[in-house]
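Below is the file entry13.cif, which contains mmCIF, C-alpha atoms and all ligand atoms.
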```
data_query
#
loop_
_atom_site.label_atom_id
_atom_site.label_comp_id
_atom_site.auth_asym_id
_atom_site.auth_seq_id
_atom_site.Cartn_x
_atom_site.Cartn_y
_atom_site.Cartn_z
CA MET A 1 108.13 107.95 116.91
CA PRO A 2 108.59 109.44 113.45
CA ARG A 3 109.02 113.18 113.02
CA PRO A 4 105.61 114.80 113.15
CA ILE A 5 105.61 115.91 109.50
CA GLN A 6 103.03 114.27 107.26
CA ALA A 7 101.41 114.79 103.87
CA TYR A 8 97.74 113.96 103.59
CA ILE A 9 96.54 112.98 100.11
CA ASP A 10 92.78 113.28 99.73
CA GLN A 11 91.63 110.84 97.05
CA ASP A 12 88.03 112.08 97.33
CA ALA A 13 89.28 115.54 96.41
CA LEU A 14 91.07 114.12 93.34
CA GLU A 15 87.89 112.36 92.26
CA HIS A 16 85.86 115.50 92.89
CA ASN A 17 88.24 117.60 90.80
CA LEU A 18 87.95 115.14 87.92
CA HIS A 19 84.16 115.63 88.07
CA VAL A 20 84.73 119.38 87.90
CA ALA A 21 86.86 118.86 84.80
CA ARG A 22 84.12 116.70 83.25
CA SER A 23 81.52 119.35 83.96
CA HIS A 24 83.44 121.74 81.68
CA THR A 25 83.81 119.50 78.64
CA SER A 26 82.46 116.64 76.60
CA ALA A 27 85.95 115.77 75.34
CA ARG A 28 87.78 112.73 76.64
CA ILE A 29 89.99 113.42 79.63
CA MET A 30 93.68 112.60 79.61
CA ALA A 31 94.61 113.02 83.28
CA VAL A 32 98.17 114.29 83.48
CA ILE A 33 99.97 112.37 86.23
CA LYS A 34 103.60 113.09 85.37
CA ALA A 35 106.14 113.71 88.13
CA ASN A 36 104.69 111.03 90.38
CA GLY A 37 101.20 112.47 90.00
CA TYR A 38 102.43 116.02 90.69
CA GLY A 39 103.99 114.65 93.88
CA HIS A 40 100.80 112.95 95.10
CA GLY A 41 101.89 109.38 94.27
CA LEU A 42 101.41 107.68 90.90
CA LEU A 43 99.20 104.73 91.82
CA ARG A 44 97.40 106.66 94.56
CA VAL A 45 96.38 109.27 91.99
CA ALA A 46 95.50 106.74 89.28
CA GLU A 47 93.25 104.91 91.73
CA ALA A 48 91.36 108.10 92.56
CA LEU A 49 91.18 109.13 88.89
CA THR A 50 90.23 105.73 87.57
CA ALA A 51 87.26 107.33 85.74
CA ALA A 52 89.66 109.27 83.49
CA ASP A 53 89.84 108.19 79.84
CA GLY A 54 93.61 108.25 79.80
CA PHE A 55 96.74 108.98 81.78
CA ALA A 56 99.70 111.04 80.59
CA LEU A 57 103.18 110.75 82.06
CA LEU A 58 106.84 110.55 81.09
CA ASP A 59 108.53 107.38 82.29
CA ILE A 60 107.93 104.15 80.46
CA GLN A 61 108.48 102.19 83.68
CA ASP A 62 105.68 104.17 85.35
CA ALA A 63 103.46 103.54 82.33
CA ILE A 64 104.14 99.80 82.60
CA ARG A 65 103.39 99.89 86.33
CA LEU A 66 100.00 101.40 85.53
CA ARG A 67 99.29 98.79 82.85
CA GLU A 68 100.33 95.98 85.15
CA ALA A 69 98.10 97.40 87.87
CA GLY A 70 95.20 96.81 85.49
CA TYR A 71 94.51 100.23 84.01
CA HIS A 72 93.15 99.66 80.52
CA GLN A 73 92.93 103.34 79.54
CA THR A 74 95.12 105.11 77.02
CA ILE A 75 98.51 105.70 78.63
CA LEU A 76 100.38 108.50 76.87
CA LEU A 77 104.13 109.08 77.07
CA LEU A 78 104.44 112.87 76.85
CA GLU A 79 108.06 112.88 75.67
CA GLY A 80 107.63 109.68 73.70
CA PHE A 81 110.30 107.01 73.29
CA PHE A 82 114.04 107.47 73.77
CA ASP A 83 115.38 104.39 72.00
CA ALA A 84 114.37 101.34 69.98
CA ALA A 85 113.86 99.19 73.07
CA ASP A 86 111.23 101.67 74.29
CA LEU A 87 109.31 101.17 71.06
CA GLU A 88 109.12 97.45 71.66
CA GLN A 89 107.79 98.00 75.17
CA ILE A 90 105.31 100.57 73.92
CA ALA A 91 103.94 97.97 71.56
CA GLU A 92 104.02 95.18 74.14
CA TYR A 93 102.11 97.18 76.76
CA GLU A 94 99.91 99.03 74.28
CA LEU A 95 101.14 102.44 75.35
CA THR A 96 100.65 105.58 73.29
CA SER A 97 103.62 107.71 72.37
CA VAL A 98 104.14 111.33 71.51
CA ILE A 99 106.41 111.88 68.51
CA HIS A 100 107.90 115.33 68.59
CA SER A 101 111.20 115.19 66.62
CA ASP A 102 112.82 113.85 63.49
CA TRP A 103 115.11 111.56 65.45
CA GLN A 104 112.04 109.77 66.76
CA ILE A 105 110.70 109.33 63.23
CA ALA A 106 114.06 107.83 62.30
CA LEU A 107 113.78 105.36 65.20
CA LEU A 108 110.25 104.56 64.12
CA ASP A 109 111.42 103.96 60.53
CA ALA A 110 113.84 101.36 61.83
CA TYR A 111 111.14 99.66 63.91
CA PRO A 112 109.94 96.44 62.29
CA GLY A 113 106.61 95.93 64.11
CA ARG A 114 103.19 96.08 62.48
CA GLY A 115 99.85 97.77 63.17
CA THR A 116 100.02 98.30 66.91
CA LEU A 117 101.29 101.79 67.65
CA ASP A 118 99.12 104.77 68.51
CA VAL A 119 100.95 108.04 68.09
CA TRP A 120 100.31 111.61 69.21
CA LEU A 121 102.14 113.82 66.76
CA LYS A 122 103.20 117.02 68.46
CA ILE A 123 102.94 120.38 66.75
CA ASN A 124 105.00 123.35 67.87
CA SER A 125 102.38 126.09 67.63
CA GLY A 126 104.49 128.74 69.32
CA MET A 127 105.85 127.47 72.62
CA HIS A 128 109.06 126.21 70.95
CA ARG A 129 109.53 123.36 73.40
CA LEU A 130 108.58 120.12 71.64
CA GLY A 131 107.03 119.47 68.28
CA PHE A 132 107.17 120.04 64.55
CA THR A 133 106.94 123.58 63.25
CA PRO A 134 103.91 124.32 61.04
CA ASP A 135 105.85 123.90 57.80
CA ARG A 136 107.06 120.45 58.88
CA VAL A 137 103.78 118.97 60.08
CA ALA A 138 102.60 117.60 56.73
CA GLY A 139 105.93 115.84 56.18
CA ALA A 140 105.98 114.37 59.67
CA MET A 141 102.37 113.29 59.30
CA GLU A 142 103.13 111.47 56.05
CA ALA A 143 106.22 109.81 57.48
CA VAL A 144 104.31 108.50 60.49
CA ARG A 145 101.23 107.59 58.53
CA ARG A 146 102.95 105.40 55.96
CA HIS A 147 104.64 103.29 58.65
CA ALA A 148 103.11 99.84 58.88
CA ALA A 149 103.29 99.83 62.68
CA VAL A 150 101.18 102.95 63.19
CA ARG A 151 97.50 102.46 63.94
CA GLU A 152 96.00 105.78 65.05
CA ILE A 153 97.40 109.31 64.92
CA THR A 154 96.27 112.18 67.16
CA LEU A 155 97.47 115.73 66.58
CA MET A 156 98.44 117.62 69.71
CA SER A 157 99.94 120.93 70.74
CA HIS A 158 100.54 122.73 74.04
CA PHE A 159 99.82 126.29 75.17
CA ALA A 160 102.40 128.62 76.67
CA THR A 161 100.05 131.31 78.04
CA ALA A 162 96.61 129.74 78.57
CA ASP A 163 96.70 130.84 82.21
CA GLU A 164 97.58 134.45 81.42
CA ALA A 165 95.78 137.50 80.08
CA ARG A 166 97.40 136.89 76.70
CA GLY A 167 95.34 133.71 76.35
CA VAL A 168 95.55 131.16 73.56
CA SER A 169 94.28 132.81 70.39
CA GLU A 170 97.60 133.08 68.51
CA GLN A 171 98.55 129.45 69.14
CA ALA A 172 95.00 128.12 68.77
CA ASP A 173 94.51 129.90 65.41
CA LEU A 174 97.80 128.59 64.09
CA TYR A 175 97.02 125.07 65.29
CA HIS A 176 93.57 125.11 63.71
CA ASP A 177 95.03 126.24 60.38
CA ILE A 178 97.54 123.41 60.48
CA VAL A 179 95.22 120.58 61.50
CA GLN A 180 92.35 121.59 59.21
CA GLY A 181 93.22 119.17 56.46
CA TRP A 182 93.60 116.12 58.69
CA ARG A 183 90.67 114.03 59.86
CA VAL A 184 92.29 112.76 63.04
CA PRO A 185 91.61 113.29 66.77
CA ARG A 186 92.99 116.48 68.32
CA SER A 187 94.26 117.53 71.72
CA LEU A 188 95.26 120.97 72.86
CA ALA A 189 93.91 122.04 76.25
CA ASN A 190 95.71 121.99 79.61
CA SER A 191 93.80 122.89 82.80
CA ALA A 192 93.70 126.61 82.04
CA ALA A 193 92.36 126.12 78.51
CA LEU A 194 89.93 123.45 79.69
CA LEU A 195 88.47 125.93 82.16
CA ARG A 196 88.57 129.08 80.03
CA TYR A 197 88.58 128.22 76.30
CA PRO A 198 85.95 125.61 75.34
CA ALA A 199 86.75 126.13 71.64
CA THR A 200 90.12 124.45 72.24
CA HIS A 201 88.74 121.22 73.74
CA GLY A 202 88.80 119.04 70.60
CA ASP A 203 88.77 115.29 71.23
CA TRP A 204 91.02 115.08 74.27
CA VAL A 205 91.71 117.60 77.05
CA ARG A 206 94.82 117.22 79.22
CA PRO A 207 94.21 118.64 82.70
CA GLY A 208 96.93 118.42 85.31
CA ILE A 209 97.05 121.03 88.04
CA MET A 210 93.28 121.41 88.45
CA LEU A 211 92.94 117.70 89.28
CA TYR A 212 95.19 118.30 92.26
CA GLY A 213 92.95 121.12 93.42
CA ALA A 214 95.01 124.17 92.54
CA SER A 215 94.00 127.00 90.24
CA PRO A 216 96.01 127.53 87.07
CA PHE A 217 95.14 131.24 87.19
CA ALA A 218 96.81 133.86 89.36
CA GLU A 219 93.61 135.87 89.75
CA VAL A 220 91.03 133.08 90.27
CA SER A 221 91.18 130.86 93.35
CA ALA A 222 90.76 127.10 93.37
CA GLN A 223 87.73 127.58 95.61
CA GLN A 224 86.12 129.88 93.05
CA LEU A 225 86.64 127.12 90.48
CA GLY A 226 85.02 124.57 92.80
CA LEU A 227 88.27 122.63 93.25
CA LYS A 228 89.40 120.92 96.47
CA PRO A 229 93.05 120.64 97.52
CA ALA A 230 94.33 117.08 97.23
CA MET A 231 97.56 117.57 99.19
CA THR A 232 97.87 118.94 102.72
CA LEU A 233 101.31 119.22 104.27
CA GLU A 234 101.26 119.28 108.07
CA SER A 235 103.76 119.22 110.87
CA ARG A 236 104.02 120.36 114.48
CA ILE A 237 105.86 122.85 116.60
CA ILE A 238 108.71 121.11 118.39
CA ALA A 239 110.23 124.09 120.28
CA VAL A 240 109.40 127.66 121.22
CA GLN A 241 111.81 130.60 121.49
CA GLN A 242 111.23 133.91 123.27
CA LEU A 243 112.98 136.74 121.47
CA ARG A 244 113.96 140.14 122.79
CA SER A 245 114.30 143.15 120.60
CA GLY A 246 117.47 142.77 118.54
CA ASP A 247 117.54 138.95 118.60
CA GLU A 248 118.04 137.33 115.23
CA ILE A 249 116.64 134.08 113.88
CA GLY A 250 118.27 131.30 111.94
CA TYR A 251 121.06 131.06 109.38
CA GLY A 252 122.36 134.41 108.31
CA GLY A 253 120.37 136.16 111.02
CA LEU A 254 118.05 137.25 108.26
CA PHE A 255 115.21 138.18 110.56
CA ARG A 256 115.74 140.48 113.54
CA ALA A 257 113.08 141.09 116.18
CA ASP A 258 112.38 144.72 117.04
CA ARG A 259 110.32 143.87 120.14
CA LEU A 260 109.43 140.87 122.32
CA MET A 261 108.38 137.98 120.09
CA ARG A 262 107.43 134.32 120.42
CA VAL A 263 108.68 132.03 117.70
CA GLY A 264 107.69 128.43 117.00
CA ILE A 265 110.19 125.97 115.52
CA VAL A 266 108.44 123.64 113.06
CA ALA A 267 109.64 120.19 112.00
CA CYS A 268 109.66 120.98 108.28
CA GLY A 269 112.53 122.20 106.13
CA TYR A 270 113.74 122.32 102.58
CA ALA A 271 114.70 118.63 102.74
CA ASP A 272 110.97 117.96 103.18
CA GLY A 273 110.15 120.02 100.10
CA TYR A 274 109.39 123.40 101.63
CA PRO A 275 111.16 125.96 99.41
CA ARG A 276 114.23 127.56 100.92
CA GLN A 277 113.52 130.60 98.79
CA SER A 278 110.48 131.33 100.91
CA GLY A 279 111.54 134.67 102.23
CA ARG A 280 110.36 137.92 100.86
CA VAL A 281 110.50 141.27 102.51
CA GLU A 282 106.93 142.48 102.61
CA PRO A 283 106.13 146.05 103.50
CA GLU A 284 103.67 145.78 106.35
CA ALA A 285 100.81 147.95 107.55
CA PRO A 286 101.81 150.77 109.94
CA GLY A 287 101.84 149.71 113.57
CA THR A 288 102.59 146.04 112.89
CA HIS A 289 105.97 144.41 112.98
CA ARG A 290 108.35 145.58 110.29
CA PRO A 291 111.26 143.40 109.29
CA THR A 292 114.61 145.10 109.45
CA PRO A 293 116.27 145.80 106.12
CA GLY A 294 117.26 142.32 105.02
CA GLY A 295 114.50 140.98 107.26
CA TYR A 296 113.17 137.76 105.92
CA GLY A 297 109.98 135.77 105.99
CA GLY A 298 106.35 136.34 105.22
CA ALA A 299 105.03 133.14 103.64
CA PRO A 300 101.63 132.29 105.16
CA VAL A 301 101.19 129.30 107.48
CA LEU A 302 98.43 128.01 109.79
CA VAL A 303 99.12 127.18 113.44
CA ASP A 304 96.19 125.35 115.07
CA GLY A 305 94.11 126.70 112.19
CA GLN A 306 95.14 130.34 112.76
CA LYS A 307 97.01 132.23 110.09
CA THR A 308 100.50 133.52 110.78
CA ARG A 309 103.75 133.72 108.81
CA LEU A 310 107.24 132.35 108.42
CA LEU A 311 110.21 134.22 109.86
CA GLY A 312 113.84 133.98 108.83
CA ARG A 313 115.41 131.51 106.47
CA VAL A 314 114.15 127.94 106.08
CA SER A 315 116.70 125.33 107.27
CA MET A 316 117.11 121.80 105.95
CA ASP A 317 114.83 120.28 108.60
CA MET A 318 113.15 123.20 110.37
CA LEU A 319 111.51 126.53 109.83
CA TYR A 320 110.34 129.42 112.03
CA VAL A 321 106.82 130.76 112.54
CA ASP A 322 105.62 133.86 114.35
CA LEU A 323 103.57 132.96 117.44
CA THR A 324 103.57 136.45 118.95
CA ALA A 325 99.85 136.92 118.30
CA LEU A 326 99.00 133.28 119.14
CA PRO A 327 99.63 132.90 122.89
CA GLN A 328 97.77 129.56 123.09
CA ALA A 329 100.03 127.96 120.49
CA GLY A 330 103.09 126.04 121.64
CA VAL A 331 104.93 122.75 121.43
CA GLY A 332 102.66 120.20 119.76
CA SER A 333 100.52 122.73 117.92
CA VAL A 334 99.55 121.55 114.44
CA VAL A 335 101.13 123.54 111.63
CA THR A 336 99.61 123.50 108.15
CA LEU A 337 102.21 124.38 105.54
CA TRP A 338 99.67 124.20 102.68
CA GLY A 339 96.48 122.46 101.65
CA GLU A 340 93.21 122.29 103.56
CA GLY A 341 92.54 125.81 104.87
CA LEU A 342 95.64 127.34 103.25
CA PRO A 343 95.73 127.41 99.43
CA ILE A 344 99.02 126.12 98.07
CA GLU A 345 98.89 128.92 95.49
CA ASP A 346 99.13 131.52 98.28
CA VAL A 347 102.20 129.83 99.73
CA ALA A 348 103.74 129.46 96.28
CA HIS A 349 103.13 133.12 95.50
CA ALA A 350 104.80 134.22 98.72
CA CYS A 351 107.76 131.97 97.88
CA GLY A 352 108.10 133.32 94.35
CA THR A 353 107.06 130.09 92.66
CA ILE A 354 103.98 128.16 91.51
CA SER A 355 101.88 125.46 93.14
CA TYR A 356 103.16 122.87 90.64
CA GLU A 357 106.71 123.19 91.94
CA LEU A 358 105.70 122.87 95.60
CA MET A 359 103.65 119.74 94.92
CA CYS A 360 106.34 118.05 92.84
CA ALA A 361 109.05 118.86 95.37
CA LEU A 362 107.38 117.02 98.25
CA ALA A 363 110.27 114.90 99.50
CA ALA A 364 110.24 111.11 99.58
CA ARG A 365 111.08 111.24 103.30
CA VAL A 366 107.70 112.79 104.16
CA PRO A 367 105.28 110.05 105.25
CA VAL A 368 102.02 110.07 103.30
CA ARG A 369 98.61 109.36 104.78
CA VAL A 370 95.54 108.85 102.59
C1 LIG B 401 101.95 119.15 82.15
C2 LIG B 401 101.19 119.13 80.87
C3 LIG B 401 99.80 119.30 80.85
C4 LIG B 401 98.99 119.66 82.08
O1 LIG B 401 99.14 121.04 82.37
P1 LIG B 401 98.38 121.72 83.61
O2 LIG B 401 98.75 123.15 83.52
O3 LIG B 401 98.94 121.08 84.86
O4 LIG B 401 96.94 121.45 83.45
C5 LIG B 401 99.15 119.14 79.63
N1 LIG B 401 99.83 118.86 78.50
C6 LIG B 401 101.17 118.72 78.49
C7 LIG B 401 101.86 118.41 77.21
C8 LIG B 401 101.90 118.86 79.66
O5 LIG B 401 103.24 118.72 79.64
#
```
Could you rewrite the structure in this file as structure tokens?
Amino acid sequence: MPRPIQAYIDQDALEHNLHVARSHTSARIMAVIKANGYGHGLLRVAEALTAADGFALLDIQDAIRLREAGYHQTILLLEGFFDAADLEQIAEYELTSVIHSDWQIALLDAYPGRGTLDVWLKINSGMHRLGFTPDRVAGAMEAVRRHAAVREITLMSHFATADEARGVSEQADLYHDIVQGWRVPRSLANSAALLRYPATHGDWVRPGIMLYGASPFAEVSAQQLGLKPAMTLESRIIAVQQLRSGDEIGYGGLFRADRLMRVGIVACGYADGYPRQSGRVEPEAPGTHRPTPGGYGGAPVLVDGQKTRLLGRVSMDMLYVDLTALPQAGVGSVVTLWGEGLPIEDVAHACGTISYELMCALAARVPVRV
């Protein structure tokens, strides 16, 4: 029998979330499925999102897999090509490439093909990650445009703070100034901008996280946005420990009981993708358990559908949950690490990270059920 850990990928939820995205925009939707579909599985996600107008990812081999699986949509390589051989494959499989740097224009200049390449020229509107600075856009545009191999050009940029109070106005204003003179398709919005800033939608929106059912905003829940979680990570309790006051749990003894406690050992650890940095010392309400100084734990978890919390430090293959208030729970109880009934954002927040990282980190050894 395999270990009881399992990830459940809900393709209906993915499809539902794409409908939610559609309900916010009339732009074409470029579903972002990089990082193995944010950890959900490339082809599994593409199948559920088959109504998308395009797919965006990084690896050319993944792009070819999609094409060979019969997807006829635009397939966009978000970092573009890395060498001349990539350019040939891009043409052969009719992929679309971002061009973000001069060295890529130089590779393009040396490429002999004709009339078959669609390019998304990337503008650095303030994030300073990829793209041409405003003063260089016209030159890059001309260089790409005059190449005999280039068919269509789209102008794109990416927001650094669309999910935050700061919003998008500085970058969006700059971008609009730059693209004004060009009559070409435009793409700017990630999930946060798709949901909050309709003026940024342009011709293509590029949602990622919302399709997987997580909110891009710290202060608005996925449920409030009408999104459904696509990934649920579940395991079971495989042992129970009774602790007396003073007993410590796990590596480093980072949690110490100050009374009688029941602790469940769960078959899930950092080698499954649960973050080791999950501990945070939370001040608790008076009268409840208080971790000792250096006490560790606190991330939320469901045991048989009831909310409790992690204790101690996560091991490679196991973690600890507090069963003191759940006397019915024991060996075999179902543990939900995140997903249905427990928003992944809440777990991520408690672990000092974001939902994206938890999804992407789901380990290959975790069996997936659809
Ligand atoms: C990852 C990514 C997106 C999607 O962002 P979300 O916040 O997941 O919606 C869009 N555009 C680019 C260029 C990206 O790298």
In Å to one decimal, how far is atom O3 of ligand LIG 401 (chain B) from CA of Arg44 (chain A)?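 Separation between CA of Arg44 (chain A) and atom O3 of ligand LIG 401 (chain B): 17.4 Å.
With only C-alpha atoms and all ligand atoms as the atoms that count, the minimum distance from ligand LIG 401 (chain B) to the choices A:Arg151, A:His24, A:Arg256, A:Arg129 is reached by A:Arg129.
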Could you please extract the residues within 6 Å of ligand LIG 401 (chain B), counting only C-alpha atoms and all ligand atoms, and hand them back as a list in words? Val32, His158, Asn190, Ser191, Arg206, Pro207, Gly208 and Ile209 of chain A
For Pro2 (chain A), please output as a list in words all residues within 12 Å (counting all atoms listed in the file; exclusion window: fewer than 6 positions along the same chain). Ser235, Arg236, Ala267, Arg365, Val366 and Pro367 of chain A
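Residues near the point (101.9, 117.4, 103.7), at a distance of 8 Å or less over only C-alpha atoms, make up A:Ile5, A:Gln6, A:Ala7, A:Tyr8, A:Ile9, A:Met231, A:Thr232, A:Leu233, A:Glu234, A:Ser235, A:Thr336, A:Leu337, A:Trp338, A:Gly339, A:Leu362, A:Val366, A:Val368.
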Any chance you could export the current selection's C-alpha atoms as a PDB file, in the frame of the given file?
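For reference, out_23.pdb as written:
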```pdb
ATOM      1  CA  ILE A   5     105.610 115.910 109.500  1.00  0.00           C
ATOM      2  CA  GLN A   6     103.030 114.270 107.260  1.00  0.00           C
ATOM      3  CA  ALA A   7     101.410 114.790 103.870  1.00  0.00           C
ATOM      4  CA  TYR A   8      97.740 113.960 103.590  1.00  0.00           C
ATOM      5  CA  ILE A   9      96.540 112.980 100.110  1.00  0.00           C
ATOM      6  CA  MET A 231      97.560 117.570  99.190  1.00  0.00           C
ATOM      7  CA  THR A 232      97.870 118.940 102.720  1.00  0.00           C
ATOM      8  CA  LEU A 233     101.310 119.220 104.270  1.00  0.00           C
ATOM      9  CA  GLU A 234     101.260 119.280 108.070  1.00  0.00           C
ATOM     10  CA  SER A 235     103.760 119.220 110.870  1.00  0.00           C
ATOM     11  CA  THR A 336      99.610 123.500 108.150  1.00  0.00           C
ATOM     12  CA  LEU A 337     102.210 124.380 105.540  1.00  0.00           C
ATOM     13  CA  TRP A 338      99.670 124.200 102.680  1.00  0.00           C
ATOM     14  CA  GLY A 339      96.480 122.460 101.650  1.00  0.00           C
ATOM     15  CA  LEU A 362     107.380 117.020  98.250  1.00  0.00           C
ATOM     16  CA  VAL A 366     107.700 112.790 104.160  1.00  0.00           C
ATOM     17  CA  VAL A 368     102.020 110.070 103.300  1.00  0.00           C
TER      18      VAL A 368
END
```
One decimal, in Å: what's the spacing between CA of Ala27 (chain A) and CA of Met156 (chain A)?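 CA of Met156 (chain A) lies 13.8 Å from CA of Ala27 (chain A).
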Between A:Arg196, A:Tyr274, A:Gly181, A:Asp247, single out the one closest to Cys360 (chain A), counting all atoms listed in the file.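 Counting all atoms listed in the file, the residue closest to Cys360 (chain A) is A:Tyr274.
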For the atom pair CA of Asp10 (chain A) and CA of Leu77 (chain A), what is the interatomic distance in Å to one decimal place?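 Taking CA of Asp10 (chain A) and CA of Leu77 (chain A), their separation equals 25.7 Å.
Residues having any atom no farther than 6 Å from (97.9, 128.2, 84.4) (counting all atoms listed in the file) are Asp163, Ala192, Pro216 and Phe217 of chain A.
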Give me the residues within 9 Å of region 91-106 of chain A as number ranges by chain, counting all atoms listed in the file and dropping any in the same chain fewer than 3 places off. A: 60, 63-64, 67-68, 74-83, 86-88, 109-111, 113, 116-124, 130-132, 140, 143-144, 156
Val321 (chain A) surroundings by all atoms listed in the file, 9 Å radius, close-in-sequence under 6 positions cut, as an MDAnalysis selection string: chainID A and resid 237 262:266 297 301 303 308:312
Restrict the selected residues to C-alpha atoms and save them as an mmCIF file, in the coordinates of the input.
```cif
data_model
loop_
_atom_site.group_PDB
_atom_site.id
_atom_site.type_symbol
_atom_site.label_atom_id
_atom_site.label_comp_id
_atom_site.auth_asym_id
_atom_site.auth_seq_id
_atom_site.Cartn_x
_atom_site.Cartn_y
_atom_site.Cartn_z
ATOM 1 C CA ILE A 237 105.860 122.850 116.600
ATOM 2 C CA ARG A 262 107.430 134.320 120.420
ATOM 3 C CA VAL A 263 108.680 132.030 117.700
ATOM 4 C CA GLY A 264 107.690 128.430 117.000
ATOM 5 C CA ILE A 265 110.190 125.970 115.520
ATOM 6 C CA VAL A 266 108.440 123.640 113.060
ATOM 7 C CA GLY A 297 109.980 135.770 105.990
ATOM 8 C CA VAL A 301 101.190 129.300 107.480
ATOM 9 C CA VAL A 303 99.120 127.180 113.440
ATOM 10 C CA THR A 308 100.500 133.520 110.780
ATOM 11 C CA ARG A 309 103.750 133.720 108.810
ATOM 12 C CA LEU A 310 107.240 132.350 108.420
ATOM 13 C CA LEU A 311 110.210 134.220 109.860
ATOM 14 C CA GLY A 312 113.840 133.980 108.830
#
```
With all atoms listed in the file as the counted atoms, please give the residues lying no more than 6 Å from Arg276 (chain A), apart from itself and same-chain residues fewer than 2 positions off, as a ChimeraX atom specification. /A:270,278,314
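Candidate residues A:Ser23, A:Cys268, A:Val370, A:Tyr320 were compared for distance to Leu195 (chain A), and the nearest is A:Ser23, using all atoms listed in the file.
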Enclose all atoms of region 170-187 of chain A listed in the file in an axis-aligned box, grow every side by 3 Å, and hand back centre and edge lengths in Å to one decimal, as lines of an AutoDock Vina configuration file.
```
center_x = 94.6
center_y = 122.9
center_z = 64.1
size_x = 13.9
size_y = 26.3
size_z = 21.3
```
Since the input is missing atoms for region 203-219 of chain A, could you rebuild it with N, CA and C atoms and give the result as a tab-separated table (two decimals), in the frame of the given file?
```tsv
chain	number	residue	atom	x	y	z
A	203	ASP	N	89.15	116.66	70.86
A	203	ASP	CA	88.77	115.29	71.23
A	203	ASP	C	89.28	114.87	72.60
A	204	TRP	N	90.42	115.43	72.98
A	204	TRP	CA	91.02	115.08	74.27
A	204	TRP	C	91.46	116.36	74.98
A	205	VAL	N	91.12	116.53	76.23
A	205	VAL	CA	91.71	117.60	77.05
A	205	VAL	C	92.74	116.96	77.99
A	206	ARG	N	93.70	117.77	78.43
A	206	ARG	CA	94.82	117.22	79.22
A	206	ARG	C	95.01	117.99	80.52
A	207	PRO	N	94.06	117.89	81.44
A	207	PRO	CA	94.21	118.64	82.70
A	207	PRO	C	95.24	118.01	83.62
A	208	GLY	N	96.01	118.86	84.27
A	208	GLY	CA	96.93	118.42	85.31
A	208	GLY	C	96.57	119.13	86.61
A	209	ILE	N	97.08	120.33	86.76
A	209	ILE	CA	97.05	121.03	88.04
A	209	ILE	C	95.65	121.10	88.67
A	210	MET	N	94.61	121.27	87.85
A	210	MET	CA	93.28	121.41	88.45
A	210	MET	C	92.84	120.12	89.14
A	211	LEU	N	93.32	118.97	88.65
A	211	LEU	CA	92.94	117.70	89.28
A	211	LEU	C	93.49	117.60	90.70
A	212	TYR	N	94.58	118.32	90.93
A	212	TYR	CA	95.19	118.30	92.26
A	212	TYR	C	94.63	119.40	93.16
A	213	GLY	N	93.68	120.15	92.61
A	213	GLY	CA	92.95	121.12	93.42
A	213	GLY	C	93.59	122.48	93.52
A	214	ALA	N	94.44	122.83	92.56
A	214	ALA	CA	95.01	124.17	92.54
A	214	ALA	C	94.54	124.89	91.28
A	215	SER	N	94.44	126.20	91.38
A	215	SER	CA	94.00	127.00	90.24
A	215	SER	C	95.17	127.26	89.30
A	216	PRO	N	94.94	127.15	88.00
A	216	PRO	CA	96.01	127.53	87.07
A	216	PRO	C	96.13	129.04	86.90
A	217	PHE	N	95.16	129.79	87.41
A	217	PHE	CA	95.14	131.24	87.19
A	217	PHE	C	95.58	131.99	88.43
A	218	ALA	N	96.36	133.06	88.22
A	218	ALA	CA	96.81	133.86	89.36
A	218	ALA	C	95.64	134.59	90.02
A	219	GLU	N	94.64	134.97	89.22
A	219	GLU	CA	93.61	135.87	89.75
A	219	GLU	C	92.29	135.16	90.08
```
